[in-house]
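The next block holds one structure in the form of structure tokens; read it before the comments.
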Amino acid sequence: MTKEAARPTVTPVRTTSIHVRSNGECVIKITVTVDQPTPEFQERLLALLAEYAAHVEVDTTWDRERARRYYLALPTRAQRILKEAAKRDGYVSADDLRDTEDSSLRGHSAALKRILDRGIREGWWPDGMEAPIQAQGPGFGKVVGYRMPDHLISVFRMAINNTSRDW
């Protein structure tokens, strides 16, 4: 009589695609889903793969799931920046975001960076993700607008238009 091992129950929380390349060619594509991974676990897994592969590449591409999670984690004022930029083909001026002519946008963009960093800590996406939107201006001081890279506009537009809080 053989004893069967109990099957673990896993709730997918973190999905990472790893491309193992040899001579510049993708030879293996692995998708790993782990429930509440620790940074130590992720480092050990990547080290193991690196031991047997010429090059290991972590997927740092914004997809609809990551974009949706990023958007929903933002406070309302920062969500508006992201939504307006996606809606306006990648750029929204500061004047379009102000409620009144004299209102300030001070502090609006801090959440954009904070949520990007939080996503790394929480395991929502890997380190090395491109910031989906950047403040535009003459340097420190007044922001004249916000720009989203062209290749992210459709991903974020789709994610924002199809938001739900089922994660």
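All residue names refer to the structure tokens as shown: chains lettered A, B, ... in order, residues numbered from 1 in each chain, ligands numbered from 1 in order.
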Sorted by chain and rising residue number, which residues of stretch 92-133 of chain A lie within 6 Å of stretch 142-147 of chain A, and what are their closest atom pairs and distances in Å to one decimal, counting only C-alpha atoms, as CSV?
residue,atom,partner,partner_atom,distance
A:Val92,CA,A:Tyr146,CA,5.5
A:Ser93,CA,A:Gly145,CA,3.9
A:Ala94,CA,A:Gly145,CA,4.4
A:Ile133,CA,A:Arg147,CA,5.5
Could you list, as a tab-separated table (two decimals) with N, CA and C atoms, in the first residue's frame, every residue within 10 Å of A:Arg66, counting only C-alpha atoms and ignoring same-chain residues fewer than 2 positions away?
chain	number	residue	atom	x	y	z
A	61	THR	N	7.81	43.20	-18.16
A	61	THR	CA	6.87	43.84	-19.08
A	61	THR	C	5.57	44.16	-18.37
A	62	TRP	N	5.05	45.35	-18.62
A	62	TRP	CA	3.73	45.68	-18.09
A	62	TRP	C	2.70	44.92	-18.91
A	63	ASP	N	1.87	44.13	-18.23
A	63	ASP	CA	0.75	43.48	-18.89
A	63	ASP	C	-0.52	44.03	-18.26
A	64	ARG	N	-1.67	43.60	-18.76
A	64	ARG	CA	-2.93	44.15	-18.28
A	64	ARG	C	-3.14	43.90	-16.79
A	68	ARG	N	-3.44	46.89	-14.13
A	68	ARG	CA	-4.68	47.02	-13.35
A	68	ARG	C	-4.38	47.09	-11.86
A	69	ARG	N	-3.50	46.22	-11.41
A	69	ARG	CA	-3.14	46.20	-9.99
A	69	ARG	C	-2.49	47.52	-9.58
A	70	TYR	N	-1.59	48.03	-10.43
A	70	TYR	CA	-0.92	49.31	-10.17
A	70	TYR	C	-1.97	50.43	-10.06
A	71	TYR	N	-2.86	50.50	-11.03
A	71	TYR	CA	-3.88	51.53	-11.05
A	71	TYR	C	-4.77	51.48	-9.81
A	119	GLY	N	4.79	47.53	-5.14
A	119	GLY	CA	4.55	46.35	-5.96
A	119	GLY	C	5.74	45.40	-5.97
A	124	TRP	N	4.13	41.87	-6.51
A	124	TRP	CA	3.17	42.02	-7.60
A	124	TRP	C	3.89	42.01	-8.95
A	125	TRP	N	5.12	42.51	-8.97
A	125	TRP	CA	5.96	42.54	-10.16
A	125	TRP	C	7.41	42.58	-9.72
A	155	VAL	N	-1.92	49.21	-23.06
A	155	VAL	CA	-1.99	48.28	-21.92
A	155	VAL	C	-2.69	48.95	-20.75
A	156	PHE	N	-2.31	50.18	-20.42
A	156	PHE	CA	-2.94	50.86	-19.29
A	156	PHE	C	-4.36	51.31	-19.62
A	159	ALA	N	-6.41	48.21	-19.13
A	159	ALA	CA	-6.48	47.83	-17.71
A	159	ALA	C	-7.39	48.77	-16.93
Å distance separating atom CA of A:Leu82 from atom CA of A:Pro39, one decimal place: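 That distance, rounded to one decimal, is 28.6 Å.
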Atom pair atom CA of A:Asn162 / atom CA of A:Lys83: separation (Å):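 The value is 11.9 Å.
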Proximity to A:Thr163 - best of A:Thr38, A:Ser109, A:Thr60, A:Gln79, only C-alpha atoms: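 So, comparing all the options, the nearest one is A:Gln79.
One distance worth recording is that between atom CA of A:Asp150 and atom CA of A:Pro132, which is 9.9 Å.
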Residue with smallest distance to A:Ser154 - pool A:Arg80, A:Arg88, A:Arg44, A:Arg118, counting only C-alpha atoms: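 Looking only at the distances to A:Ser154, the closest residue turns out to be A:Arg88.
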Contact residues around A:Asp89 with only C-alpha atoms at 10 Å, ignoring same-chain residues under 4 positions, as number ranges by chain: A: 84-85, 147-150, 152-154, 157
Okay, now the selection with N, CA and C atoms, as a PDB file, in the first residue's frame?
ATOM      1  N   GLU A  84      -6.003  59.873 -17.172  1.00  0.00           N
ATOM      2  CA  GLU A  84      -6.033  60.960 -18.159  1.00  0.00           C
ATOM      3  C   GLU A  84      -4.899  60.829 -19.172  1.00  0.00           C
ATOM      4  N   ALA A  85      -3.724  60.423 -18.728  1.00  0.00           N
ATOM      5  CA  ALA A  85      -2.601  60.244 -19.655  1.00  0.00           C
ATOM      6  C   ALA A  85      -2.909  59.122 -20.646  1.00  0.00           C
ATOM      7  N   ARG A 147       3.777  62.243 -18.714  1.00  0.00           N
ATOM      8  CA  ARG A 147       3.900  61.482 -19.948  1.00  0.00           C
ATOM      9  C   ARG A 147       4.000  59.990 -19.661  1.00  0.00           C
ATOM     10  N   MET A 148       3.253  59.225 -20.469  1.00  0.00           N
ATOM     11  CA  MET A 148       3.292  57.768 -20.426  1.00  0.00           C
ATOM     12  C   MET A 148       3.985  57.316 -21.706  1.00  0.00           C
ATOM     13  N   PRO A 149       4.941  56.385 -21.607  1.00  0.00           N
ATOM     14  CA  PRO A 149       5.590  55.879 -22.823  1.00  0.00           C
ATOM     15  C   PRO A 149       4.561  55.313 -23.802  1.00  0.00           C
ATOM     16  N   ASP A 150       4.790  55.547 -25.080  1.00  0.00           N
ATOM     17  CA  ASP A 150       3.840  55.129 -26.117  1.00  0.00           C
ATOM     18  C   ASP A 150       3.493  53.651 -26.053  1.00  0.00           C
ATOM     19  N   LEU A 152       3.132  51.762 -23.624  1.00  0.00           N
ATOM     20  CA  LEU A 152       2.321  51.383 -22.457  1.00  0.00           C
ATOM     21  C   LEU A 152       0.883  51.910 -22.520  1.00  0.00           C
ATOM     22  N   ILE A 153       0.614  52.809 -23.431  1.00  0.00           N
ATOM     23  CA  ILE A 153      -0.700  53.464 -23.475  1.00  0.00           C
ATOM     24  C   ILE A 153      -1.836  52.455 -23.627  1.00  0.00           C
ATOM     25  N   SER A 154      -1.752  51.562 -24.589  1.00  0.00           N
ATOM     26  CA  SER A 154      -2.860  50.625 -24.818  1.00  0.00           C
ATOM     27  C   SER A 154      -3.020  49.646 -23.660  1.00  0.00           C
ATOM     28  N   ARG A 157      -4.618  51.710 -20.833  1.00  0.00           N
ATOM     29  CA  ARG A 157      -5.981  52.104 -21.214  1.00  0.00           C
ATOM     30  C   ARG A 157      -6.924  50.909 -21.036  1.00  0.00           C
TER      31      ARG A 157
END
